[in-house]
>>> print(open('upload25.pdb').read())   # PDB, C-alpha atoms
ATOM      1  CA  MET P   1     -16.278-114.945 -41.677
ATOM      2  CA  PRO P   2     -16.606-118.746 -41.357
ATOM      3  CA  ASP P   3     -19.023-120.325 -38.910
ATOM      4  CA  LEU P   4     -17.690-119.050 -35.600
ATOM      5  CA  ALA P   5     -18.950-117.060 -32.667
ATOM      6  CA  ARG P   6     -19.901-113.471 -33.456
ATOM      7  CA  GLN P   7     -19.185-112.577 -29.834
ATOM      8  CA  MET P   8     -16.224-113.634 -27.717
ATOM      9  CA  HIS P   9     -15.201-113.594 -24.100
ATOM     10  CA  CYS P  10     -12.217-111.418 -23.302
ATOM     11  CA  VAL P  11     -10.548-109.717 -20.343
ATOM     12  CA  GLU P  12     -10.783-105.934 -20.204
ATOM     13  CA  ILE P  13      -8.906-103.360 -18.137
ATOM     14  CA  VAL P  14     -11.839-101.412 -16.679
ATOM     15  CA  LYS P  15      -9.568 -98.710 -15.244
ATOM     16  CA  ALA P  16      -5.940 -98.289 -14.302
ATOM     17  CA  GLY P  17      -5.121-100.147 -11.124
ATOM     18  CA  GLY P  18      -4.238-103.448  -9.508
ATOM     19  CA  PRO P  19      -5.062-106.973 -10.667
ATOM     20  CA  GLU P  20      -8.696-106.548  -9.634
ATOM     21  CA  VAL P  21      -9.354-104.147 -12.547
ATOM     22  CA  LEU P  22      -9.099-107.086 -14.976
ATOM     23  CA  GLN P  23     -12.652-108.250 -15.642
ATOM     24  CA  LEU P  24     -14.266-110.750 -17.977
ATOM     25  CA  ALA P  25     -16.299-109.099 -20.733
ATOM     26  CA  THR P  26     -17.927-109.822 -24.100
ATOM     27  CA  ARG P  27     -16.923-108.156 -27.362
ATOM     28  CA  PRO P  28     -17.440-108.761 -31.058
ATOM     29  CA  THR P  29     -15.086-111.338 -32.529
ATOM     30  CA  PRO P  30     -12.460-109.460 -34.609
ATOM     31  CA  PHE P  31     -12.208-109.797 -38.383
ATOM     32  CA  PRO P  32      -8.723-110.419 -39.777
ATOM     33  CA  ALA P  33      -7.252-107.716 -42.006
ATOM     34  CA  PRO P  34      -6.062-108.814 -45.476
ATOM     35  CA  ASP P  35      -2.595-109.706 -44.137
ATOM     36  CA  GLU P  36      -3.798-111.193 -40.832
ATOM     37  CA  ILE P  37      -4.863-114.562 -39.481
ATOM     38  CA  LEU P  38      -7.558-114.999 -36.849
ATOM     39  CA  ILE P  39      -6.500-117.364 -34.077
ATOM     40  CA  LYS P  40      -8.905-119.223 -31.828
ATOM     41  CA  THR P  41      -6.751-119.017 -28.723
ATOM     42  CA  ALA P  42      -5.907-122.031 -26.616
ATOM     43  CA  PHE P  43      -3.336-120.490 -24.262
ATOM     44  CA  ILE P  44      -2.069-116.965 -23.581
ATOM     45  CA  GLY P  45       1.248-115.921 -22.090
ATOM     46  CA  VAL P  46       1.189-113.479 -19.169
ATOM     47  CA  ASN P  47       3.978-110.891 -19.262
ATOM     48  CA  ARG P  48       5.166-107.919 -17.247
ATOM     49  CA  PRO P  49       4.069-105.412 -19.953
ATOM     50  CA  ASP P  50       0.499-106.670 -19.448
ATOM     51  CA  ALA P  51       0.685-105.605 -15.804
ATOM     52  CA  LEU P  52       2.216-102.265 -16.736
ATOM     53  CA  GLN P  53      -0.590-101.637 -19.219
ATOM     54  CA  ARG P  54      -3.141-102.599 -16.577
ATOM     55  CA  ALA P  55      -1.562-100.106 -14.162
ATOM     56  CA  GLY P  56      -1.792 -97.325 -16.755
ATOM     57  CA  LEU P  57       1.978 -97.165 -17.303
ATOM     58  CA  TYR P  58       2.282 -98.752 -20.764
ATOM     59  CA  PRO P  59      -0.445 -97.572 -23.142
ATOM     60  CA  PRO P  60      -0.974 -99.603 -26.333
ATOM     61  CA  PRO P  61       0.457 -98.087 -29.521
ATOM     62  CA  LYS P  62      -1.839 -96.359 -31.987
ATOM     63  CA  GLY P  63      -4.101 -98.792 -33.775
ATOM     64  CA  ALA P  64      -3.503-101.666 -31.344
ATOM     65  CA  SER P  65      -6.198-103.378 -29.294
ATOM     66  CA  ASP P  66      -6.803-101.955 -25.841
ATOM     67  CA  LEU P  67      -7.060-105.516 -24.504
ATOM     68  CA  PRO P  68      -3.899-106.821 -22.842
ATOM     69  CA  GLY P  69      -1.943-109.818 -24.066
ATOM     70  CA  LEU P  70       1.148-110.003 -26.289
ATOM     71  CA  GLU P  71       1.420-113.704 -27.133
ATOM     72  CA  ALA P  72      -0.873-116.667 -27.660
ATOM     73  CA  SER P  73      -1.147-120.107 -29.192
ATOM     74  CA  GLY P  74      -4.100-121.752 -30.899
ATOM     75  CA  VAL P  75      -5.667-122.673 -34.221
ATOM     76  CA  VAL P  76      -6.096-120.539 -37.340
ATOM     77  CA  ILE P  77      -9.864-120.150 -37.767
ATOM     78  CA  ASP P  78      -9.942-117.494 -40.517
ATOM     79  CA  LYS P  79      -7.501-115.534 -42.677
ATOM     80  CA  GLY P  80      -7.291-112.439 -44.815
ATOM     81  CA  ALA P  81      -7.172-112.481 -48.606
ATOM     82  CA  GLU P  82      -3.411-111.770 -48.724
ATOM     83  CA  VAL P  83      -2.358-114.529 -46.338
ATOM     84  CA  THR P  84      -0.234-117.162 -48.081
ATOM     85  CA  ARG P  85       1.688-118.985 -45.357
ATOM     86  CA  TRP P  86      -1.189-120.254 -43.229
ATOM     87  CA  LYS P  87      -4.407-122.139 -43.834
ATOM     88  CA  VAL P  88      -7.464-122.631 -41.655
ATOM     89  CA  GLY P  89      -6.787-125.429 -39.184
ATOM     90  CA  ASP P  90      -3.060-124.732 -38.728
ATOM     91  CA  THR P  91      -1.769-124.563 -35.150
ATOM     92  CA  VAL P  92       0.389-121.537 -34.400
ATOM     93  CA  CYS P  93       1.961-119.477 -31.675
ATOM     94  CA  ALA P  94       2.178-115.755 -32.284
ATOM     95  CA  LEU P  95       3.423-112.400 -31.131
ATOM     96  CA  THR P  96       0.429-110.094 -30.931
ATOM     97  CA  ASN P  97       0.182-106.322 -30.796
ATOM     98  CA  GLY P  98      -2.251-106.626 -27.909
ATOM     99  CA  GLY P  99      -5.639-108.279 -27.642
ATOM    100  CA  ALA P 100      -4.492-111.782 -26.710
ATOM    101  CA  TYR P 101      -6.567-111.956 -23.498
ATOM    102  CA  ALA P 102      -9.522-113.190 -25.544
ATOM    103  CA  GLU P 103     -11.049-116.232 -27.211
ATOM    104  CA  TYR P 104      -9.970-114.901 -30.626
ATOM    105  CA  VAL P 105      -7.117-112.615 -31.663
ATOM    106  CA  ALA P 106      -6.086-111.262 -35.068
ATOM    107  CA  VAL P 107      -2.357-111.378 -35.824
ATOM    108  CA  HIS P 108      -0.180-110.377 -38.782
ATOM    109  CA  GLN P 109       0.641-113.522 -40.736
ATOM    110  CA  ASP P 110       4.401-112.946 -40.436
ATOM    111  CA  HIS P 111       4.274-112.695 -36.640
ATOM    112  CA  ALA P 112       3.028-116.275 -36.261
ATOM    113  CA  LEU P 113       5.149-119.411 -36.100
ATOM    114  CA  ALA P 114       4.422-123.101 -36.105
ATOM    115  CA  PRO P 115       4.849-124.453 -32.550
ATOM    116  CA  PRO P 116       8.310-125.977 -32.169
ATOM    117  CA  GLU P 117       8.663-129.725 -32.365
ATOM    118  CA  GLY P 118       8.239-131.358 -28.961
ATOM    119  CA  LEU P 119       6.204-128.612 -27.268
ATOM    120  CA  ASP P 120       2.492-128.539 -26.522
ATOM    121  CA  LEU P 121       0.337-125.454 -27.118
ATOM    122  CA  ALA P 122       0.630-124.283 -23.511
ATOM    123  CA  GLU P 123       4.417-124.244 -23.762
ATOM    124  CA  ALA P 124       4.262-122.673 -27.222
ATOM    125  CA  ALA P 125       2.206-119.772 -25.842
ATOM    126  CA  ALA P 126       5.065-118.985 -23.470
ATOM    127  CA  LEU P 127       7.552-118.389 -26.279
ATOM    128  CA  PRO P 128       6.956-115.427 -28.639
ATOM    129  CA  GLU P 129       7.064-112.310 -26.452
ATOM    130  CA  THR P 130       9.798-113.728 -24.243
ATOM    131  CA  ILE P 131      12.100-115.184 -26.888
ATOM    132  CA  PHE P 132      11.650-112.242 -29.257
ATOM    133  CA  THR P 133      12.581-109.865 -26.414
ATOM    134  CA  VAL P 134      15.634-111.855 -25.346
ATOM    135  CA  TRP P 135      16.900-112.399 -28.873
ATOM    136  CA  SER P 136      16.505-108.783 -29.979
ATOM    137  CA  ASN P 137      18.167-107.378 -26.863
ATOM    138  CA  VAL P 138      20.822-109.912 -25.880
ATOM    139  CA  PHE P 139      21.957-111.214 -29.251
ATOM    140  CA  GLU P 140      21.134-108.385 -31.668
ATOM    141  CA  ARG P 141      21.359-105.189 -29.615
ATOM    142  CA  ALA P 142      24.085-106.321 -27.175
ATOM    143  CA  GLY P 143      25.753-108.752 -29.584
ATOM    144  CA  LEU P 144      26.505-111.497 -27.050
ATOM    145  CA  LYS P 145      29.113-113.856 -28.496
ATOM    146  CA  GLU P 146      30.357-117.322 -27.692
ATOM    147  CA  GLY P 147      32.911-117.185 -24.886
ATOM    148  CA  GLU P 148      31.678-113.892 -23.430
ATOM    149  CA  SER P 149      30.125-113.513 -19.982
ATOM    150  CA  PHE P 150      26.465-112.641 -19.487
ATOM    151  CA  LEU P 151      24.372-111.562 -16.487
ATOM    152  CA  VAL P 152      20.599-111.463 -16.361
ATOM    153  CA  HIS P 153      18.820-109.855 -13.438
ATOM    154  CA  GLY P 154      15.559-111.486 -12.406
ATOM    155  CA  GLY P 155      16.871-114.846 -13.551
ATOM    156  CA  SER P 156      13.815-116.809 -12.397
ATOM    157  CA  SER P 157      11.333-114.743 -14.441
ATOM    158  CA  GLY P 158      10.054-115.767 -17.858
ATOM    159  CA  ILE P 159      12.621-113.482 -19.481
ATOM    160  CA  GLY P 160      15.337-114.646 -17.105
ATOM    161  CA  THR P 161      14.811-118.389 -17.540
ATOM    162  CA  THR P 162      14.785-117.882 -21.307
ATOM    163  CA  ALA P 163      17.903-115.695 -21.340
ATOM    164  CA  ILE P 164      19.886-118.127 -19.172
ATOM    165  CA  GLN P 165      19.142-121.089 -21.423
ATOM    166  CA  LEU P 166      19.757-119.277 -24.701
ATOM    167  CA  ALA P 167      22.985-117.620 -23.561
ATOM    168  CA  ALA P 168      24.290-120.957 -22.294
ATOM    169  CA  ALA P 169      23.234-122.727 -25.497
ATOM    170  CA  PHE P 170      25.227-120.234 -27.563
ATOM    171  CA  GLY P 171      28.364-120.691 -25.489
ATOM    172  CA  ALA P 172      28.342-117.777 -23.047
ATOM    173  CA  ARG P 173      29.404-117.912 -19.413
ATOM    174  CA  VAL P 174      26.126-117.179 -17.625
ATOM    175  CA  PHE P 175      25.347-115.478 -14.299
ATOM    176  CA  ALA P 176      22.015-114.465 -12.767
ATOM    177  CA  THR P 177      20.465-112.715  -9.804
ATOM    178  CA  ALA P 178      17.314-113.875  -8.019
ATOM    179  CA  GLY P 179      15.535-113.346  -4.730
ATOM    180  CA  SER P 180      15.583-116.717  -2.959
ATOM    181  CA  THR P 181      17.608-119.879  -2.527
ATOM    182  CA  GLU P 182      14.972-121.806  -4.517
ATOM    183  CA  LYS P 183      15.082-119.328  -7.393
ATOM    184  CA  CYS P 184      18.882-119.279  -7.466
ATOM    185  CA  ALA P 185      18.920-123.085  -7.592
ATOM    186  CA  ALA P 186      16.496-122.995 -10.526
ATOM    187  CA  CYS P 187      18.755-120.540 -12.391
ATOM    188  CA  GLU P 188      21.786-122.751 -11.857
ATOM    189  CA  THR P 189      19.885-125.824 -13.022
ATOM    190  CA  LEU P 190      19.093-123.988 -16.260
ATOM    191  CA  GLY P 191      22.715-123.126 -16.959
ATOM    192  CA  ALA P 192      23.805-120.226 -14.764
ATOM    193  CA  GLU P 193      27.292-120.787 -13.345
ATOM    194  CA  ILE P 194      26.496-118.559 -10.376
ATOM    195  CA  ALA P 195      23.129-117.209  -9.257
ATOM    196  CA  VAL P 196      23.398-114.477  -6.630
ATOM    197  CA  ASN P 197      20.656-114.117  -4.019
ATOM    198  CA  TYR P 198      20.386-110.337  -3.949
ATOM    199  CA  HIS P 199      18.932-110.432  -0.422
ATOM    200  CA  GLU P 200      22.120-112.032   0.876
ATOM    201  CA  ALA P 201      25.002-110.712  -1.234
ATOM    202  CA  ASP P 202      26.078-107.850  -3.490
ATOM    203  CA  PHE P 203      26.089-109.172  -7.047
ATOM    204  CA  VAL P 204      28.837-106.715  -7.981
ATOM    205  CA  ASP P 205      31.255-108.099  -5.386
ATOM    206  CA  VAL P 206      30.378-111.752  -6.078
ATOM    207  CA  LEU P 207      30.710-111.513  -9.842
ATOM    208  CA  LYS P 208      33.795-109.294  -9.779
ATOM    209  CA  GLU P 209      35.474-112.074  -7.816
ATOM    210  CA  ALA P 210      34.101-114.771 -10.130
ATOM    211  CA  THR P 211      35.552-112.980 -13.170
ATOM    212  CA  GLN P 212      38.914-112.145 -11.536
ATOM    213  CA  LYS P 213      37.873-108.484 -11.456
ATOM    214  CA  ARG P 214      37.387-108.379 -15.226
ATOM    215  CA  GLY P 215      33.620-107.881 -15.011
ATOM    216  CA  VAL P 216      30.762-109.014 -17.232
ATOM    217  CA  ASP P 217      30.496-108.419 -20.983
ATOM    218  CA  VAL P 218      26.698-108.208 -21.358
ATOM    219  CA  ILE P 219      24.088-107.356 -18.705
ATOM    220  CA  LEU P 220      20.330-107.658 -19.271
ATOM    221  CA  ASP P 221      18.516-105.582 -16.673
ATOM    222  CA  MET P 222      14.805-105.331 -15.932
ATOM    223  CA  VAL P 223      15.263-103.871 -12.438
ATOM    224  CA  GLY P 224      16.628-100.376 -13.020
ATOM    225  CA  GLY P 225      16.865 -97.912 -10.149
ATOM    226  CA  ASP P 226      20.002 -98.443  -8.083
ATOM    227  CA  TYR P 227      20.999-101.360 -10.330
ATOM    228  CA  LEU P 228      21.959 -98.897 -13.086
ATOM    229  CA  PRO P 229      25.173 -97.571 -11.472
ATOM    230  CA  ARG P 230      25.955-101.022 -10.050
ATOM    231  CA  ASN P 231      25.747-102.535 -13.530
ATOM    232  CA  ALA P 232      28.287 -99.992 -14.737
ATOM    233  CA  ARG P 233      30.644-100.909 -11.892
ATOM    234  CA  LEU P 234      30.347-104.603 -12.778
ATOM    235  CA  ALA P 235      30.573-104.269 -16.549
ATOM    236  CA  ALA P 236      33.797-105.257 -18.274
ATOM    237  CA  GLU P 237      35.625-102.931 -20.625
ATOM    238  CA  ASP P 238      33.577-102.556 -23.816
ATOM    239  CA  GLY P 239      30.640-104.016 -21.886
ATOM    240  CA  ARG P 240      27.047-103.691 -23.072
ATOM    241  CA  ILE P 241      24.156-103.017 -20.707
ATOM    242  CA  VAL P 242      20.593-103.351 -21.981
ATOM    243  CA  ASN P 243      17.530-102.253 -20.003
ATOM    244  CA  ILE P 244      14.116-103.685 -20.828
ATOM    245  CA  ALA P 245      12.184-102.667 -17.684
ATOM    246  CA  PHE P 246      12.543-100.583 -14.529
ATOM    247  CA  LEU P 247      10.930-102.378 -11.585
ATOM    248  CA  ARG P 248      12.844-100.113  -9.183
ATOM    249  CA  GLY P 249      12.241 -97.008 -11.271
ATOM    250  CA  PRO P 250      13.835 -95.395 -14.340
ATOM    251  CA  SER P 251      16.007 -92.858 -12.517
ATOM    252  CA  ALA P 252      19.357 -93.143 -10.751
ATOM    253  CA  GLU P 253      22.566 -91.204 -10.187
ATOM    254  CA  PHE P 254      25.035 -92.402 -12.807
ATOM    255  CA  ASN P 255      28.780 -91.845 -13.226
ATOM    256  CA  PHE P 256      29.263 -91.212 -16.940
ATOM    257  CA  ALA P 257      33.016 -90.989 -16.479
ATOM    258  CA  LEU P 258      32.962 -94.719 -15.744
ATOM    259  CA  MET P 259      31.070 -95.281 -18.983
ATOM    260  CA  MET P 260      33.736 -93.367 -20.877
ATOM    261  CA  LEU P 261      36.688 -95.073 -19.194
ATOM    262  CA  LYS P 262      35.251 -98.558 -19.819
ATOM    263  CA  ARG P 263      33.821 -97.687 -23.249
ATOM    264  CA  LEU P 264      30.433 -98.999 -22.165
ATOM    265  CA  THR P 265      27.352 -99.154 -24.366
ATOM    266  CA  LEU P 266      24.061 -98.428 -22.604
ATOM    267  CA  SER P 267      20.825 -99.123 -24.433
ATOM    268  CA  GLY P 268      17.235-100.138 -23.973
ATOM    269  CA  SER P 269      14.207-101.092 -25.987
ATOM    270  CA  THR P 270      10.550-102.045 -26.005
ATOM    271  CA  LEU P 271       9.220-104.537 -28.530
ATOM    272  CA  ARG P 272       5.535-103.698 -28.861
ATOM    273  CA  PRO P 273       5.869-100.371 -30.763
ATOM    274  CA  ARG P 274       8.343-101.775 -33.310
ATOM    275  CA  SER P 275       7.302-102.007 -36.938
ATOM    276  CA  VAL P 276       5.508-104.924 -38.577
ATOM    277  CA  ALA P 277       8.570-105.497 -40.760
ATOM    278  CA  TYR P 278      10.958-105.570 -37.800
ATOM    279  CA  LYS P 279       8.851-108.113 -35.912
ATOM    280  CA  ALA P 280       8.495-110.229 -39.050
ATOM    281  CA  ALA P 281      12.268-110.301 -39.529
ATOM    282  CA  LEU P 282      12.712-111.133 -35.863
ATOM    283  CA  ALA P 283      10.232-114.004 -36.181
ATOM    284  CA  ARG P 284      12.202-115.454 -39.097
ATOM    285  CA  THR P 285      15.468-115.187 -37.174
ATOM    286  CA  VAL P 286      14.001-116.850 -34.084
ATOM    287  CA  GLU P 287      12.543-119.638 -36.191
ATOM    288  CA  GLU P 288      15.930-120.269 -37.811
ATOM    289  CA  THR P 289      18.076-120.018 -34.683
ATOM    290  CA  VAL P 290      16.014-120.935 -31.609
ATOM    291  CA  TRP P 291      13.435-123.423 -32.910
ATOM    292  CA  PRO P 292      16.189-125.979 -33.743
ATOM    293  CA  LEU P 293      17.502-125.693 -30.159
ATOM    294  CA  ILE P 294      14.048-126.579 -28.875
ATOM    295  CA  ALA P 295      13.802-129.560 -31.222
ATOM    296  CA  GLU P 296      17.208-130.736 -29.960
ATOM    297  CA  GLY P 297      16.109-130.427 -26.322
ATOM    298  CA  ARG P 298      18.614-127.656 -25.568
ATOM    299  CA  PHE P 299      15.948-125.109 -24.632
ATOM    300  CA  LYS P 300      12.536-125.539 -23.035
ATOM    301  CA  PRO P 301      10.260-122.897 -21.542
ATOM    302  CA  VAL P 302       9.981-123.045 -17.763
ATOM    303  CA  MET P 303       6.317-123.145 -16.815
ATOM    304  CA  ASP P 304       4.980-121.787 -13.535
ATOM    305  CA  GLN P 305       1.192-121.853 -13.098
ATOM    306  CA  ARG P 306      -1.837-122.014 -15.374
ATOM    307  CA  PHE P 307      -5.009-119.951 -14.767
ATOM    308  CA  ALA P 308      -8.361-119.791 -16.543
ATOM    309  CA  LEU P 309      -8.919-116.727 -18.737
ATOM    310  CA  ALA P 310     -11.577-115.544 -16.295
ATOM    311  CA  ASP P 311      -8.949-115.652 -13.534
ATOM    312  CA  ALA P 312      -6.518-113.278 -15.238
ATOM    313  CA  SER P 313      -6.515-111.126 -12.107
ATOM    314  CA  LYS P 314      -5.174-114.086 -10.102
ATOM    315  CA  ALA P 315      -2.470-114.616 -12.728
ATOM    316  CA  HIS P 316      -1.394-110.981 -12.402
ATOM    317  CA  ALA P 317      -1.398-111.212  -8.624
ATOM    318  CA  ARG P 318       0.822-114.289  -8.888
ATOM    319  CA  MET P 319       3.246-112.467 -11.179
ATOM    320  CA  GLU P 320       3.411-109.363  -9.030
ATOM    321  CA  SER P 321       3.942-111.421  -5.864
ATOM    322  CA  GLY P 322       7.336-112.399  -7.248
ATOM    323  CA  ALA P 323       6.778-116.013  -6.199
ATOM    324  CA  HIS P 324       6.722-117.459  -9.700
ATOM    325  CA  ILE P 325       9.545-119.264 -11.492
ATOM    326  CA  GLY P 326       9.130-119.139 -15.260
ATOM    327  CA  LYS P 327       6.033-118.332 -17.267
ATOM    328  CA  ILE P 328       2.432-117.907 -16.127
ATOM    329  CA  ILE P 329      -0.196-118.974 -18.663
ATOM    330  CA  LEU P 330      -3.909-118.314 -19.188
ATOM    331  CA  GLU P 331      -5.988-121.189 -20.540
ATOM    332  CA  VAL P 332      -9.001-120.468 -22.698
TER     333      VAL P 332
END
>>> encode(input="upload25.pdb", output="structure tokens")
Amino acid sequence: MPDLARQMHCVEIVKAGGPEVLQLATRPTPFPAPDEILIKTAFIGVNRPDALQRAGLYPPPKGASDLPGLEASGVVIDKGAEVTRWKVGDTVCALTNGGAYAEYVAVHQDHALAPPEGLDLAEAAALPETIFTVWSNVFERAGLKEGESFLVHGGSSGIGTTAIQLAAAFGARVFATAGSTEKCAACETLGAEIAVNYHEADFVDVLKEATQKRGVDVILDMVGGDYLPRNARLAAEDGRIVNIAFLRGPSAEFNFALMMLKRLTLSGSTLRPRSVAYKAALARTVEETVWPLIAEGRFKPVMDQRFALADASKAHARMESGAHIGKIILEV
């Protein structure tokens, strides 16, 4: 190991529970495996899976760090013997398999990307987990195409603000749901044709009217619960519905006859347990398709608030309050 700290500050989950169970701790600095780089973190993205892990609902996969954190940006400080793409001193942003809530994190070399042109490291830290999730679910799994219609629930979240911009950039007709007038306005500024305040209107009725009763081709849902049957009612024939979270729970009464009559495709996924090879291929695709959009100014991460690493509990409280618009970031 080069001349760097043998111990690092990190944020541990001391037990399953609320934001208060996140506590600052000290651990040995990790060594990179032969195919890994060691990043001295500058900024860390805060994501809903971090909160689920903290609550005891999303355990890390076998072999992964028990520390939370799925994305970070920073500087390569060390590398394994098999690493060819990166050198010490390179700046990167990376998808991690956990462990990002720390001063140092080891990452597979193929899961790191150079920060896109025009973004600082704070903005770059907001990209990997969110963009990888949106791309794999909306464009690969659901196959959203130019000219189709697209709805994202939770449009003001990190996932939502990303999905709106990317779907619009690739020529889709975009809709969103959000929980306030301010959040709906933010969604529309980013490219949503209509953002429905779910406290004031039924998104099914509003968007059925907006599409002349045709419905929506692709729906990205992180709400679950009673949204599941409502999504099916709203979906167009041959529509695709993808679930990536269940904030209202994973269970609901569902009319499968409607799925058959409309020829609907229902699917879901989680990114963290996927293989090293899958994430590497996804990184290459994102670099080829999304990074140019950022350089052209057609996509930019929406940033909410920045917290110190030691204040990770406050960052989680902010996220779970539902008051945020865009991404919450930890600064090391």
>>> closest_residue(input="upload25.pdb", among="P:Ala5, P:Ala16, P:Met222, P:Val242", to="Ile77 (chain P)", atoms="only C-alpha atoms")
P:Ala5
>>> residues_around(input="upload25.pdb", residues="Met8 (chain P)", least_positions_apart="6", cutoff="6 Å", atoms="all atoms listed in the file", output="ChimeraX atom specification")
/P:26-27,29,103
>>> residues_around(input="upload25.pdb", residues="region 309-321 of chain P", least_positions_apart="2", cutoff="10 Å", atoms="only C-alpha atoms", output="number ranges by chain")
P: 9-12, 18-25, 42-44, 46-48, 50-51, 54, 101-103, 157, 304-307, 323-332
>>> atom_distance(input="upload25.pdb", atom1="CA of Leu127 (chain P)", atom2="CA of Ala163 (chain P)")
11.8 Å
>>> resolve_selection(input="upload25.pdb", expression="the PyMOL selection byres ((chain P and resi 195) around 9)", output="ChimeraX atom specification")
/P:155,174-178,183-188,192-194,196-197,203
>>> write_last_selection(input="upload25.pdb", atoms="C-alpha atoms", output="mmCIF file, in the frame of the given file")
data_model
loop_
_atom_site.group_PDB
_atom_site.id
_atom_site.type_symbol
_atom_site.label_atom_id
_atom_site.label_comp_id
_atom_site.auth_asym_id
_atom_site.auth_seq_id
_atom_site.Cartn_x
_atom_site.Cartn_y
_atom_site.Cartn_z
ATOM 1 C CA GLY P 155 16.871 -114.846 -13.551
ATOM 2 C CA VAL P 174 26.126 -117.179 -17.625
ATOM 3 C CA PHE P 175 25.347 -115.478 -14.299
ATOM 4 C CA ALA P 176 22.015 -114.465 -12.767
ATOM 5 C CA THR P 177 20.465 -112.715 -9.804
ATOM 6 C CA ALA P 178 17.314 -113.875 -8.019
ATOM 7 C CA LYS P 183 15.082 -119.328 -7.393
ATOM 8 C CA CYS P 184 18.882 -119.279 -7.466
ATOM 9 C CA ALA P 185 18.920 -123.085 -7.592
ATOM 10 C CA ALA P 186 16.496 -122.995 -10.526
ATOM 11 C CA CYS P 187 18.755 -120.540 -12.391
ATOM 12 C CA GLU P 188 21.786 -122.751 -11.857
ATOM 13 C CA ALA P 192 23.805 -120.226 -14.764
ATOM 14 C CA GLU P 193 27.292 -120.787 -13.345
ATOM 15 C CA ILE P 194 26.496 -118.559 -10.376
ATOM 16 C CA VAL P 196 23.398 -114.477 -6.630
ATOM 17 C CA ASN P 197 20.656 -114.117 -4.019
ATOM 18 C CA PHE P 203 26.089 -109.172 -7.047
#
>>> closest_residue(input="upload25.pdb", among="P:Leu67, P:Leu113, P:Ala236, P:Ile13", to="Arg284 (chain P)", atoms="all atoms listed in the file")
P:Leu113
